[in-house]
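**Student:** The structure's right below; bear with me while I get my questions together.
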Amino acid sequence: MYFARKPAVSLYLSGATADTIKRLTSLGAKQAYRLIRERCLETHPDGRPYGWRGLVPWTQIKHYRRHRKIHVSQFGGGAVGALQALLDAKPELRQAFEARILASASGKRLVETRQSKRRHCGWLLDQLRGLGCEQRNEWPFNTATLGYVSIGRFIDRVLSANPRALAAASGGPDLVSKLKTGDGTGRPVQKFMQRVEMDAHKLDGRFCVSLPLIGGGFRERIVHRLWVIVILEVMSRAVLGYYFSIRATLNKPLN
């Protein structure tokens, strides 16, 4: 799919006719235009346009935004995008919460440099209680975990987008000063096995697996997501190892 999209975009930008684009790539000129406008020209988290990266199939360009009313089922589902929808509806709360997360350690006064996610989560829940969300049994008070997982991911995203604030929150001014030396990720790879990286790939769907029981027989289990975590050698892109998981989510973030 990628090797059909890229020539289509190149032909469109070079002024090729719609018939030529269709004949050579099986994609229409309107599709090529939409790929450019809706994917290639979007801004990547690194601050640059997506460019050719936007043509990679199934790459999420825009973050999910919930439009339907939140209704949590008896199994805990149905609340995807609830936190983003809540903060979008309350921009002042979003601004105050992000400011609290990004508050760096100051050398002029004694502060806590490592504020836990539970404290941030507790602060947000107190603010929502003051707004009457608990009385109306709205998200996250209608969930078993009070939205702790979603709030924790939001905190990680805010800190990841601000490396200096992340360093200040985790290690204080001393760790911030060490950022001047860099982390080594930008160094060129010149030989085999100089650097490896780990990545996770998922496949959403509905599957059924049979688990053997100790006493004999099998027990069926419904699986909604398959994960393959691989270790890649950067230069050759060879797979050095992999792990297959049927869990709904990964326990730890992969870097």
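Lettering and numbering for the structure tokens are positional, with chains as A, B, ... in the shown order, residues counted from 1 in each chain, and ligands counted from 1 in the shown order.
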So that I can see what lies close to Ile155 (chain A), please list as a list in words the residues with an atom at most 8 Å from it, counting only C-alpha atoms and leaving out residues fewer than 3 positions away in the same chain.
**Tutor:** Ile101, Lys117, Ile151, Gly152, Val158 and Leu159 of chain A
**Student:** Write out as a PyMOL selection string the residues lying within 8 Å of region 240-245 of chain A, counting only C-alpha atoms and excluding same-chain residues fewer than 6 positions away.
**Tutor:** chain A and resi 226-233
**Student:** For those residues, write N, CA and C atoms to a file as a JSON list (two decimals), in the first residue's frame.
**Tutor:**
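Resulting contents of result.json:
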[["chain", "number", "residue", "atom", "x", "y", "z"],
["A", 226, "LEU", "N", -4.03, -8.71, 19.83],
["A", 226, "LEU", "CA", -2.80, -9.49, 19.78],
["A", 226, "LEU", "C", -1.61, -8.54, 19.71],
["A", 227, "TRP", "N", -0.59, -8.80, 20.51],
["A", 227, "TRP", "CA", 0.61, -7.98, 20.54],
["A", 227, "TRP", "C", 1.82, -8.81, 20.15],
["A", 228, "VAL", "N", 2.69, -8.24, 19.33],
["A", 228, "VAL", "CA", 3.99, -8.82, 19.04],
["A", 228, "VAL", "C", 5.04, -7.77, 19.38],
["A", 229, "ILE", "N", 5.88, -8.05, 20.38],
["A", 229, "ILE", "CA", 6.95, -7.16, 20.79],
["A", 229, "ILE", "C", 8.25, -7.71, 20.23],
["A", 230, "VAL", "N", 8.96, -6.90, 19.43],
["A", 230, "VAL", "CA", 10.14, -7.38, 18.74],
["A", 230, "VAL", "C", 11.35, -6.53, 19.11],
["A", 231, "ILE", "N", 12.53, -7.17, 19.09],
["A", 231, "ILE", "CA", 13.82, -6.49, 19.23],
["A", 231, "ILE", "C", 14.47, -6.45, 17.85],
["A", 232, "LEU", "N", 14.76, -5.26, 17.34],
["A", 232, "LEU", "CA", 15.30, -5.09, 16.00],
["A", 232, "LEU", "C", 16.72, -4.55, 16.06],
["A", 233, "GLU", "N", 17.57, -5.06, 15.16],
["A", 233, "GLU", "CA", 18.89, -4.47, 14.97],
["A", 233, "GLU", "C", 18.73, -3.31, 13.99]]
**Student:** So which residues touch Arg206 (chain A) within 10 Å, counting only C-alpha atoms, skipping near sequence neighbours fewer than 6 positions away, as a list in words?
**Tutor:** Ile222, Val223, His224, Arg225 and Leu226 of chain A
**Student:** Can you tell me, as a PDB file with C-alpha atoms, in the first residue's frame, what residues are no more than 9 Å from Arg5 (chain A) when counting only C-alpha atoms, ignoring any on the same chain fewer than 6 positions away?
**Tutor:**
ATOM      1  CA  THR A  25      -0.536   3.289  -9.197  1.00  0.00           C
ATOM      2  CA  LEU A  27      -4.955   5.221  -7.036  1.00  0.00           C
ATOM      3  CA  GLN A  31      -6.864  10.051  -3.312  1.00  0.00           C
ATOM      4  CA  ALA A  32      -3.354  11.397  -3.888  1.00  0.00           C
ATOM      5  CA  LEU A  35      -3.028  11.837   1.159  1.00  0.00           C
ATOM      6  CA  LEU A  55       1.870   7.430   3.848  1.00  0.00           C
ATOM      7  CA  VAL A  56       2.732   4.425   6.026  1.00  0.00           C
TER       8      VAL A  56
END
